[in-house]
>>> print(open('start.cif').read())   # mmCIF, C-alpha atoms
data_input
#
loop_
_atom_site.label_atom_id
_atom_site.label_comp_id
_atom_site.auth_asym_id
_atom_site.auth_seq_id
_atom_site.Cartn_x
_atom_site.Cartn_y
_atom_site.Cartn_z
CA MET A 1 28.44 -53.18 -20.20
CA ASN A 2 26.68 -49.92 -19.37
CA VAL A 3 27.10 -49.16 -15.68
CA THR A 4 25.13 -46.31 -14.14
CA SER A 5 26.65 -44.66 -11.12
CA PRO A 6 24.48 -44.74 -7.98
CA SER A 7 24.75 -40.99 -7.48
CA THR A 8 23.31 -40.35 -10.92
CA SER A 9 20.45 -42.81 -10.60
CA SER A 10 19.42 -41.56 -7.15
CA THR A 11 19.30 -37.89 -8.07
CA PRO A 12 15.66 -36.71 -8.01
CA GLN A 13 14.28 -35.20 -11.15
CA ASN A 14 12.90 -32.17 -9.30
CA ALA A 15 16.07 -31.07 -7.53
CA LEU A 16 16.64 -27.73 -5.90
CA PRO A 17 19.62 -25.61 -6.89
CA PRO A 18 22.46 -25.61 -4.33
CA PHE A 19 20.54 -25.20 -1.08
CA ASP A 20 21.39 -22.16 1.06
CA VAL A 21 19.39 -21.76 4.24
CA TYR A 22 20.18 -18.04 4.36
CA THR A 23 18.52 -17.31 1.02
CA MET A 24 15.77 -19.96 1.11
CA ILE A 25 14.39 -20.15 4.65
CA GLY A 26 15.90 -16.96 6.06
CA PRO A 27 13.91 -14.50 3.90
CA VAL A 28 10.64 -16.29 4.71
CA VAL A 29 11.31 -16.17 8.46
CA LEU A 30 12.41 -12.54 8.39
CA GLY A 31 9.56 -11.54 6.10
CA ALA A 32 6.98 -13.22 8.35
CA LEU A 33 8.35 -11.49 11.46
CA ILE A 34 8.32 -8.07 9.77
CA ASN A 35 4.83 -8.78 8.47
CA ALA A 36 3.59 -9.51 12.00
CA CYS A 37 5.04 -6.21 13.24
CA LEU A 38 3.46 -4.29 10.36
CA PHE A 39 0.13 -5.97 11.05
CA GLY A 40 0.34 -4.81 14.66
CA GLY A 41 0.94 -1.27 13.42
CA LEU A 42 -2.07 -1.62 11.11
CA VAL A 43 -4.31 -2.63 14.02
CA ILE A 44 -3.18 0.41 16.01
CA GLN A 45 -3.72 2.71 13.04
CA THR A 46 -7.20 1.27 12.53
CA TYR A 47 -8.08 2.02 16.16
CA VAL A 48 -6.74 5.56 15.81
CA TYR A 49 -8.80 6.06 12.65
CA TYR A 50 -12.12 4.95 14.13
CA ALA A 51 -11.46 6.88 17.35
CA ASN A 52 -10.64 10.19 15.65
CA PHE A 53 -12.79 10.22 12.51
CA PRO A 54 -16.27 8.99 13.48
CA ASN A 55 -17.91 11.30 10.93
CA ASP A 56 -16.19 9.82 7.87
CA HIS A 57 -18.45 8.45 5.19
CA ARG A 58 -19.70 4.90 5.67
CA ALA A 59 -18.01 3.78 2.45
CA MET A 60 -14.59 4.80 3.78
CA LYS A 61 -15.24 3.09 7.12
CA LEU A 62 -16.25 -0.10 5.32
CA THR A 63 -13.13 0.12 3.15
CA VAL A 64 -10.91 0.34 6.25
CA ALA A 65 -12.75 -2.61 7.80
CA ALA A 66 -12.34 -4.65 4.60
CA VAL A 67 -8.62 -3.85 4.48
CA LEU A 68 -8.20 -4.97 8.10
CA ALA A 69 -10.14 -8.19 7.43
CA SER A 70 -8.07 -8.93 4.33
CA GLN A 71 -4.86 -8.30 6.21
CA THR A 72 -5.96 -10.53 9.09
CA ALA A 73 -6.38 -13.38 6.63
CA HIS A 74 -3.10 -12.42 4.98
CA VAL A 75 -1.06 -12.56 8.21
CA ILE A 76 -2.58 -15.97 8.98
CA CYS A 77 -1.49 -17.22 5.55
CA VAL A 78 2.02 -15.83 6.00
CA SER A 79 2.28 -17.47 9.44
CA ALA A 80 1.15 -20.79 7.96
CA THR A 81 3.83 -20.42 5.27
CA LEU A 82 6.44 -19.79 7.96
CA TRP A 83 5.39 -22.95 9.79
CA LYS A 84 5.47 -25.04 6.60
CA VAL A 85 8.91 -23.79 5.54
CA ALA A 86 10.74 -23.55 8.87
CA VAL A 87 9.13 -26.34 10.92
CA TYR A 88 7.28 -28.87 8.76
CA GLY A 89 9.93 -28.81 6.05
CA TYR A 90 12.90 -28.85 8.44
CA GLY A 91 15.50 -31.26 7.09
CA HIS A 92 13.52 -31.79 3.88
CA PRO A 93 14.58 -29.09 1.41
CA LEU A 94 12.65 -30.71 -1.44
CA THR A 95 9.41 -29.57 0.19
CA LEU A 96 10.38 -26.04 -0.89
CA LEU A 97 9.82 -27.06 -4.50
CA ILE A 98 6.11 -26.46 -4.00
CA PHE A 99 4.63 -23.25 -2.65
CA PRO A 100 2.76 -23.88 0.63
CA LEU A 101 -1.02 -23.45 0.43
CA GLY A 102 -0.74 -20.49 2.79
CA ALA A 103 1.55 -18.71 0.35
CA ASP A 104 -0.87 -19.44 -2.51
CA ALA A 105 -3.75 -17.89 -0.56
CA ALA A 106 -1.58 -14.91 0.43
CA ILE A 107 -1.36 -13.97 -3.27
CA LEU A 108 -5.14 -13.60 -3.32
CA PHE A 109 -5.33 -11.45 -0.19
CA THR A 110 -2.45 -9.31 -1.43
CA ALA A 111 -4.49 -8.58 -4.55
CA ILE A 112 -7.64 -7.81 -2.54
CA THR A 113 -5.78 -5.37 -0.30
CA GLY A 114 -4.18 -3.75 -3.33
CA VAL A 115 -7.47 -3.09 -5.14
CA LEU A 116 -9.08 -1.66 -1.98
CA VAL A 117 -6.18 0.67 -1.23
CA GLU A 118 -5.53 1.83 -4.78
CA SER A 119 -9.21 2.44 -5.53
CA SER A 120 -9.37 4.64 -2.42
CA PHE A 121 -6.36 6.63 -3.59
CA ALA A 122 -7.87 6.90 -7.07
CA PHE A 123 -11.07 8.30 -5.57
CA ARG A 124 -9.06 10.86 -3.61
CA LEU A 125 -7.16 11.84 -6.76
CA TRP A 126 -10.46 12.30 -8.61
CA LYS A 127 -11.74 14.61 -5.86
CA LEU A 128 -8.55 16.65 -6.07
CA SER A 129 -8.10 16.82 -9.85
CA LYS A 130 -11.78 16.81 -10.92
CA THR A 131 -10.71 14.83 -13.99
CA PHE A 132 -11.17 11.16 -14.87
CA THR A 133 -8.06 10.55 -16.97
CA VAL A 134 -5.36 9.70 -14.41
CA PRO A 135 -7.69 8.04 -11.85
CA LEU A 136 -9.22 5.92 -14.62
CA ILE A 137 -5.82 4.83 -15.95
CA SER A 138 -4.75 3.93 -12.41
CA LEU A 139 -7.93 1.91 -11.85
CA VAL A 140 -7.41 0.03 -15.13
CA LEU A 141 -3.86 -0.88 -14.07
CA CYS A 142 -5.14 -1.88 -10.65
CA LEU A 143 -7.83 -4.13 -12.13
CA LEU A 144 -5.27 -5.61 -14.53
CA ALA A 145 -3.01 -6.53 -11.62
CA GLN A 146 -6.02 -7.93 -9.77
CA CYS A 147 -7.05 -10.18 -12.69
CA ILE A 148 -3.49 -11.42 -13.12
CA ALA A 149 -3.28 -12.12 -9.38
CA LEU A 150 -6.46 -14.21 -9.55
CA ALA A 151 -5.00 -16.20 -12.46
CA MET A 152 -1.71 -16.64 -10.56
CA THR A 153 -3.58 -17.83 -7.47
CA ALA A 154 -5.45 -20.48 -9.46
CA LYS A 155 -2.23 -21.70 -11.10
CA ALA A 156 -0.28 -21.59 -7.82
CA PHE A 157 -2.73 -23.99 -6.15
CA THR A 158 -2.07 -26.54 -8.92
CA MET A 159 1.70 -26.09 -9.31
CA THR A 160 3.98 -29.09 -8.94
CA ASN A 161 7.35 -27.32 -9.17
CA LEU A 162 8.10 -23.77 -8.06
CA LEU A 163 11.12 -23.35 -10.32
CA THR A 164 9.12 -24.44 -13.38
CA PHE A 165 6.25 -22.19 -12.33
CA GLU A 166 8.55 -19.15 -12.07
CA ILE A 167 9.95 -19.80 -15.54
CA ASP A 168 6.66 -20.61 -17.25
CA GLU A 169 4.75 -17.70 -15.66
CA ASN A 170 7.65 -15.23 -15.75
CA ARG A 171 5.86 -12.78 -18.05
CA LEU A 172 2.60 -13.01 -16.12
CA ILE A 173 4.25 -12.39 -12.73
CA THR A 174 6.37 -9.55 -14.12
CA LEU A 175 3.30 -7.93 -15.68
CA ALA A 176 1.43 -8.16 -12.36
CA PHE A 177 4.27 -6.51 -10.44
CA THR A 178 4.83 -3.86 -13.10
CA SER A 179 1.18 -2.85 -13.48
CA ARG A 180 0.76 -2.45 -9.71
CA LEU A 181 3.99 -0.47 -9.47
CA VAL A 182 2.99 1.89 -12.28
CA CYS A 183 -0.44 2.29 -10.69
CA GLU A 184 1.02 3.26 -7.30
CA LEU A 185 3.58 5.63 -8.80
CA SER A 186 0.99 7.34 -11.00
CA LEU A 187 -1.36 7.86 -8.05
CA THR A 188 1.36 9.20 -5.75
CA LEU A 189 3.03 11.53 -8.25
CA SER A 190 -0.28 12.79 -9.62
CA MET A 191 -1.50 13.59 -6.11
CA VAL A 192 1.69 15.50 -5.38
CA TRP A 193 1.47 17.41 -8.68
CA TYR A 194 -2.12 18.52 -8.09
CA LEU A 195 -1.34 19.50 -4.49
CA ARG A 196 1.59 21.62 -5.64
CA LYS A 197 -0.69 23.17 -8.23
CA GLN A 198 -3.14 24.21 -5.51
CA ARG A 199 -0.31 25.55 -3.35
CA SER A 200 0.19 28.62 -5.56
CA MET A 201 -3.46 29.63 -5.12
CA THR A 202 -3.69 29.54 -1.31
CA PHE A 203 -2.76 31.66 1.69
CA SER A 204 -0.01 31.05 4.22
CA ARG A 205 -1.73 28.62 6.58
CA THR A 206 -3.21 26.48 3.82
CA THR A 207 0.19 26.52 2.11
CA THR A 208 1.72 25.06 5.28
CA MET A 209 -0.95 22.36 5.29
CA ILE A 210 -0.35 21.49 1.64
CA ASP A 211 3.43 21.32 2.19
CA ARG A 212 2.88 18.82 4.99
CA LEU A 213 0.40 16.84 2.91
CA VAL A 214 2.81 16.70 -0.04
CA LEU A 215 5.55 15.34 2.21
CA TRP A 216 3.16 12.86 3.83
CA THR A 217 1.88 11.67 0.44
CA LEU A 218 5.41 11.11 -0.83
CA GLU A 219 6.45 9.23 2.31
CA THR A 220 3.45 6.88 2.34
CA GLY A 221 3.14 6.38 -1.43
CA LEU A 222 6.79 5.98 -2.36
CA LEU A 223 7.42 3.49 0.46
CA THR A 224 4.97 1.05 -1.10
CA SER A 225 6.49 1.66 -4.52
CA LEU A 226 9.98 1.03 -3.13
CA VAL A 227 8.93 -2.35 -1.72
CA ALA A 228 7.39 -3.25 -5.09
CA VAL A 229 10.59 -2.23 -6.92
CA PHE A 230 12.75 -4.42 -4.66
CA THR A 231 10.33 -7.33 -5.02
CA ILE A 232 10.30 -7.30 -8.81
CA SER A 233 14.07 -6.72 -8.93
CA PHE A 234 14.89 -9.74 -6.78
CA PHE A 235 12.34 -11.84 -8.65
CA LEU A 236 13.92 -11.08 -12.01
CA ALA A 237 17.50 -11.41 -10.76
CA MET A 238 17.24 -14.27 -8.21
CA LYS A 239 14.35 -16.59 -8.97
CA GLN A 240 16.26 -19.50 -7.48
CA ASN A 241 15.87 -18.27 -3.90
CA TYR A 242 13.11 -16.91 -1.64
CA ILE A 243 14.34 -13.34 -1.13
CA TRP A 244 11.59 -11.99 -3.37
CA VAL A 245 9.05 -14.11 -1.46
CA GLY A 246 10.02 -12.47 1.83
CA LEU A 247 9.59 -9.03 0.27
CA TYR A 248 6.31 -9.95 -1.40
CA ALA A 249 4.93 -11.13 1.95
CA ASN A 250 5.10 -7.53 3.19
CA LEU A 251 3.86 -5.74 0.08
CA ALA A 252 0.18 -5.89 1.01
CA THR A 253 0.76 -4.91 4.64
CA VAL A 254 2.85 -1.90 3.66
CA ASN A 255 0.13 -0.96 1.19
CA ALA A 256 -2.57 -1.20 3.88
CA ASN A 257 -0.51 0.84 6.34
CA SER A 258 -0.03 3.54 3.71
CA LEU A 259 -3.80 3.95 3.38
CA LEU A 260 -4.32 4.21 7.14
CA ALA A 261 -1.35 6.53 7.51
CA SER A 262 -2.83 8.73 4.79
CA LEU A 263 -6.21 8.84 6.52
CA ASN A 264 -4.76 9.44 9.97
CA GLY A 265 -2.41 12.03 8.50
CA ARG A 266 -5.31 14.46 8.71
CA LEU A 267 -4.43 14.73 12.38
CA ILE A 268 -1.32 16.60 11.26
CA LEU A 269 -3.54 19.43 10.07
CA ARG A 270 -4.74 19.96 13.61
CA SER A 271 -1.18 20.63 14.75
CA VAL A 272 -0.71 23.50 12.30
CA PRO A 273 -0.72 26.71 14.37
CA ASN A 274 -3.67 29.00 13.76
CA ASP A 275 -1.69 31.77 12.13
CA GLY A 276 -4.48 33.36 10.13
CA LEU A 277 -4.08 36.73 8.51
CA ASN A 278 -2.58 39.12 11.00
CA MET A 279 -5.03 41.96 10.41
CA GLY A 280 -5.63 44.72 12.92
CA THR A 281 -8.68 46.92 13.18
CA LEU A 282 -8.51 50.68 13.08
CA SER A 283 -9.56 52.40 16.26
CA SER A 284 -12.84 54.20 15.86
CA SER A 285 -15.29 55.95 18.09
CA SER A 286 -18.10 53.95 16.47
CA GLY A 287 -18.61 50.64 18.23
CA GLY A 288 -20.71 49.22 15.39
CA ARG A 289 -17.99 49.92 12.85
CA SER A 290 -15.41 48.24 15.07
CA ARG A 291 -17.55 45.14 15.46
CA LYS A 292 -18.06 45.03 11.68
CA ALA A 293 -14.32 45.17 11.02
CA GLN A 294 -13.73 42.47 13.63
CA SER A 295 -16.23 40.16 11.96
CA VAL A 296 -14.42 40.59 8.64
CA VAL A 297 -11.14 39.51 10.24
CA ILE A 298 -12.77 36.43 11.75
CA ASN A 299 -14.35 35.41 8.46
CA VAL A 300 -11.09 35.78 6.54
CA THR A 301 -9.17 33.82 9.17
CA GLN A 302 -11.65 30.96 9.05
CA THR A 303 -11.46 30.85 5.24
CA VAL A 304 -7.68 30.72 5.25
CA GLY A 305 -7.67 28.05 7.95
CA SER A 306 -9.81 25.56 6.11
CA ALA A 307 -8.19 22.33 4.96
CA PRO A 308 -8.28 21.19 1.35
CA GLY A 309 -11.61 19.45 0.74
CA VAL A 310 -9.99 16.45 -0.91
CA PHE A 311 -8.79 15.22 2.48
CA LYS A 312 -12.27 15.23 4.01
CA TYR A 313 -14.45 12.14 4.02
CA ASP A 314 -17.45 13.48 5.90
CA GLU A 315 -20.76 11.67 5.70
CA GLY A 316 -22.30 14.04 3.23
CA GLU A 317 -19.38 14.40 0.83
CA VAL A 318 -19.39 11.12 -1.04
#
>>> encode(input="start.cif", output="structure tokens")
Amino acid sequence: MNVTSPSTSSTPQNALPPFDVYTMIGPVVLGALINACLFGGLVIQTYVYYANFPNDHRAMKLTVAAVLASQTAHVICVSATLWKVAVYGYGHPLTLLIFPLGADAAILFTAITGVLVESSFAFRLWKLSKTFTVPLISLVLCLLAQCIALAMTAKAFTMTNLLTFEIDENRLITLAFTSRLVCELSLTLSMVWYLRKQRSMTFSRTTTMIDRLVLWTLETGLLTSLVAVFTISFFLAMKQNYIWVGLYANLATVNANSLLASLNGRLILRSVPNDGLNMGTLSSSSGGRSRKAQSVVINVTQTVGSAPGVFKYDEGEV
């Protein structure tokens, strides 16, 4: 007689791997809390931007507004995911087999934020390099990641098992992460390369500005790339837990903050001391000649003190 043990017959078909609250619920909670803090920083940076740069082109102002709107929806989705995982699913680990609807929608808003931010950086790179090659490649990668994200969002809303979804869509998810990472790295490193190229053709004060801009570009651009690297690494190595989900929840907010930090970084230029060319005028008995020499010094100082045009977004420049 064939006897089936009760433990075998009662085991659900869609079972989670050994459940660990620290690697399943913990990353979601921590990621949501960090995301809320980053969103607060984004709101402050948005206020600083509109308060200090009222003459920026309307397109850039609309881009900042769209990023803030997208991130507002994103933080709501992340908060809903936190509620579903930590409160609604408390004591019911099998509910983690399906991505919450808030997490599905967060994929879409992450993609929207990414395309807004990276297209803005691509435009800045085009203004600096005056070539279409690198900006166009970056935009193609950005649009590729956007299309994949839309496909992932549609499939995520209809998924029935997260583990199966991660395995079946492994190549698609990896391609989305990789294309966005390559896009961000190409934009950041290309911007730094072209800034360093301009550095050798400028005077002392502009050189100081460019040095600060290079450092600022590296800090803001590489931070986003670092988060993307950790996200894809944990996804490939540990699909069975939610560590990569906690990191992915902050990818869009870090990306948005990098754009605002880059725009507000123009305030750094104002702190550069006005150390124009230290040129003296020869004493002369002719007052007209002295005034003429003085005007030359003023004109040269103003030319040396001008900021690189690529970091200006005035109304008439776009």
>>> resolve_selection(input="start.cif", expression="the PyMOL selection byres ((chain A and resi 31) around 7)", output="list in words")
Pro27, Val28, Val29, Leu30, Ala32, Leu33, Ile34, Asn35, Gly246, Leu247, Ala249 and Asn250 of chain A
>>> resolve_selection(input="start.cif", expression="the PyMOL selection byres ((chain A and resi 121) around 9)", output="number ranges by chain")
A: 116-120, 122-126, 135, 184, 187-188, 191, 259
>>> residues_around(input="start.cif", residues="Thr231 of chain A", least_positions_apart="4", cutoff="7 Å", atoms="all atoms listed in the file", output="list in words")
Val227, Phe235, Trp244, Leu247 and Tyr248 of chain A
>>> closest_residue(input="start.cif", among="A:Leu68, A:Ala111, A:Cys183, A:Ala80", to="Leu38 of chain A", atoms="all atoms listed in the file")
A:Leu68
>>> atom_distance(input="start.cif", atom1="atom CA of Thr164 of chain A", atom2="atom CA of Met238 of chain A")
14.0 Å
>>> closest_residue(input="start.cif", among="A:Asn241, A:Ser262, A:Thr220, A:Thr253", to="Ala69 of chain A", atoms="only C-alpha atoms")
A:Thr253
>>> atom_distance(input="start.cif", atom1="atom CA of Asp104 of chain A", atom2="atom CA of Thr153 of chain A")
5.9 Å
>>> resolve_selection(input="start.cif", expression="the PyMOL selection byres ((chain A and resi 106) around 9)", output="list of chain:residue names")
A:Ala73, A:His74, A:Val75, A:Ile76, A:Cys77, A:Val78, A:Leu101, A:Gly102, A:Ala103, A:Asp104, A:Ala105, A:Ile107, A:Leu108, A:Phe109, A:Thr110, A:Ala111, A:Thr153, A:Ala249
>>> atom_distance(input="start.cif", atom1="atom CA of Ala154 of chain A", atom2="atom CA of Asp168 of chain A")
14.4 Å
>>> closest_residue(input="start.cif", among="A:Ser138, A:Thr217, A:Leu42, A:Phe234", to="Val64 of chain A", atoms="all atoms listed in the file")
A:Leu42
>>> residues_around(input="start.cif", residues="Ile98 of chain A", least_positions_apart="4", cutoff="8 Å", atoms="all atoms listed in the file", output="PyMOL selection string")
chain A and resi 159-162
>>> write_last_selection(input="start.cif", atoms="C-alpha atoms", output="CSV table (one decimal), keeping the file's coordinate frame")
chain,number,residue,atom,x,y,z
A,159,MET,CA,1.7,-26.1,-9.3
A,160,THR,CA,4.0,-29.1,-8.9
A,161,ASN,CA,7.4,-27.3,-9.2
A,162,LEU,CA,8.1,-23.8,-8.1
>>> residues_near_point(input="start.cif", point="(-1.6, -14.6, -12.3)", cutoff="9 Å", atoms="all atoms listed in the file", output="PyMOL selection string")
chain A and resi 145-156+169+172-173+175-176
>>> closest_residue(input="start.cif", among="A:Arg58, A:His92, A:Lys239, A:Arg266", to="Ile167 of chain A", atoms="all atoms listed in the file")
A:Lys239
>>> residues_around(input="start.cif", residues="Ile44 of chain A", least_positions_apart="6", cutoff="12 Å", atoms="all atoms listed in the file", output="list in words")
Cys37, Leu38, Tyr50, Ala51, Leu68, Asn257, Leu260, Ala261 and Asn264 of chain A
